[in-house]
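Peer 1: So that we are looking at the same thing, I have put the structure below in structure tokens.
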Amino acid sequence: MDSSAAPSQAPHRAGFACFVGRPNAGKSTLTNALVGTKVAITSNRPQTTRHTVRGIVHRPDAQLVLVDTPGLHKPRTLLGERLNDVVRTTWAEVDVIGFCLPADQKLGPGDRFIAAELAGIKKTPKVAIVTKTDLVDSKALAEQLIAIQRLGEELGIEWREIIPVSAVGDKQVGLLADLLVPMLPESPPLYPEGDLTDEPEQVMVAELIREAALEGVRDELPHSIAVVVEEMLPREDRPADKPLLDIHANVYIERPSQKGIIIGPKGARLKEVGMKSRKHIEALLGTPVYLDLHVKVAKDWQRDPKQLRKLGF
């Protein structure tokens, strides 16, 4: 490209980036910070992102589509293996990969496992993103940056950039987008201006309910919750200026004993899940919502291919 051309002549770029990293490395939070709205679910429990939720960053010069893959991990169940296949396929198809490493945790075997997988994907440019920098001082941050540089050298990964960010403090998030954009191919926008995600609304609603159901639950539950939105229908006979959307959803768990944990004493916990998720759903859809939640047992659904299909995996 002729460098004397005015900046406004720069070609529009558009493409896909995905953030990888150990579960809980800050991938979903970063996606939300870049997009500027809550799309990927964030929960302080590992492996809560199951769907490839995409956030779309619209800029005058570019459109960056973020693909949020589930954390890669050593599979223990059929579900785990399927998730890992999804991850590898995604990595091979994107234009740039951002490897998220939390600033407040030393590099561990989980990071090496992922880095070694990344080293095998030759063509895709890779950026190391140091997340959660608000949790450490500058000395610890410098040590982490050096450790990441070394990890790359050791495995033969050439980091295009190593960039520290804090999604929570909104530090450097814009700069990260500036660095990712030049790695995208020249292309017109891939999605209409207003789109923030191409996930069907029902899937996003299910994710928001699932996130609320996970909050504050004992550790044995995270993997055992699946949410299916059975139907979303506008309530009939409502005046145009006062619409109401009826959403009927089922929260599936694996064992009857887990039912009490989700429902809580006298149904208090389920009520709270409903209130919390309803707020987020209304914000997402921009309309008042009546949410009808039921808890059902789907015995050992993580190991049963038929149930996995039914629940959308």
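Labels for the structure tokens follow display order: chains A, B, ..., residues from 1 in each chain, ligands from 1.
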Could you give me, as number ranges by chain, each residue of range 74-302 of chain A that DSSP assigns to helix (DSSP H, G or I) when run on this structure's backbone?

Peer 2: A: 78-93, 109-119, 133-135, 138-155, 173-183, 201-214, 222-224, 256-263, 265-285, 301-302

Peer 1: Please provide as a ChimeraX atom specification all residues within 8 Å of Ala167 in chain A, with the sequence filter that same-chain residues fewer than 6 positions apart are discarded (counting only C-alpha atoms).

Peer 2: /A:29-30,33,131-132,173

Peer 1: Can I get the selected residues back with N, CA, C and O atoms, as an mmCIF file, in the first residue's frame?

Peer 2:
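Output file again23.cif is given in full below:
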```cif
data_model
loop_
_atom_site.group_PDB
_atom_site.id
_atom_site.type_symbol
_atom_site.label_atom_id
_atom_site.label_comp_id
_atom_site.auth_asym_id
_atom_site.auth_seq_id
_atom_site.Cartn_x
_atom_site.Cartn_y
_atom_site.Cartn_z
ATOM 1 N N THR A 29 -14.408 -12.143 29.917
ATOM 2 C CA THR A 29 -14.422 -10.761 30.412
ATOM 3 C C THR A 29 -13.796 -9.825 29.388
ATOM 4 O O THR A 29 -14.271 -8.717 29.147
ATOM 5 N N LEU A 30 -12.723 -10.295 28.757
ATOM 6 C CA LEU A 30 -12.040 -9.498 27.744
ATOM 7 C C LEU A 30 -12.935 -9.302 26.520
ATOM 8 O O LEU A 30 -13.032 -8.206 25.968
ATOM 9 N N ALA A 33 -15.415 -6.682 27.343
ATOM 10 C CA ALA A 33 -14.829 -5.340 27.412
ATOM 11 C C ALA A 33 -14.606 -4.787 26.011
ATOM 12 O O ALA A 33 -14.847 -3.610 25.740
ATOM 13 N N THR A 131 -3.705 -10.871 31.027
ATOM 14 C CA THR A 131 -4.955 -10.334 31.567
ATOM 15 C C THR A 131 -4.835 -10.061 33.069
ATOM 16 O O THR A 131 -3.879 -10.485 33.719
ATOM 17 N N LYS A 132 -5.837 -9.380 33.604
ATOM 18 C CA LYS A 132 -5.949 -9.142 35.056
ATOM 19 C C LYS A 132 -4.741 -8.386 35.604
ATOM 20 O O LYS A 132 -4.288 -8.656 36.725
ATOM 21 N N VAL A 173 -7.502 -1.900 26.578
ATOM 22 C CA VAL A 173 -8.415 -2.743 25.802
ATOM 23 C C VAL A 173 -8.528 -2.217 24.369
ATOM 24 O O VAL A 173 -8.487 -2.964 23.401
#
```

Peer 1: List every residue of range 48-235 of chain A that DSSP, applied to the backbone of this structure, places in strand (DSSP E or B), and write the result as a VMD selection string.

Peer 2: chain A and resid 53 to 58 62 to 68 96 to 102 126 to 131 159 to 164 166 171 186 226 to 234

Peer 1: Need to verify the contact set: Asp104 in chain A, 9 Å, only C-alpha atoms, exclusion of same-chain residues closer than 2 positions in sequence. Can you return it as number ranges by chain?

Peer 2: A: 101-102, 106, 131-136, 140-141, 144

Peer 1: Please determine, counting only C-alpha atoms, which residue among A:Pro60, A:Ala177, A:Leu285, A:Pro125 has the shortest atom-to-atom distance to Gln9 in chain A.

Peer 2: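 When distances to Gln9 in chain A are compared using only C-alpha atoms, the smallest one comes from A:Pro60.
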
Peer 1: Excluding range 204-212 of chain A and its own-chain neighbours fewer than 4 positions away, which residues fall within 6 Å of it when counting only C-alpha atoms? Please give them as a list in words.

Peer 2: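 Residues meeting the cut-off are Val227, Val228, Val229, Val273 and Ser277 of chain A.
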
Peer 1: From the list A:Leu151, A:Ile261, A:Val57, A:Val96, which residue is nearest Lys122 in chain A when using only C-alpha atoms?

Peer 2: A:Val96

Peer 1: Any idea what's packed within 9 Å of Tyr252 in chain A, counting only C-alpha atoms, ignoring anything in its chain fewer than 5 positions away? Could you give it as a ChimeraX atom specification?

Peer 2: /A:224-228,294-298,301,311
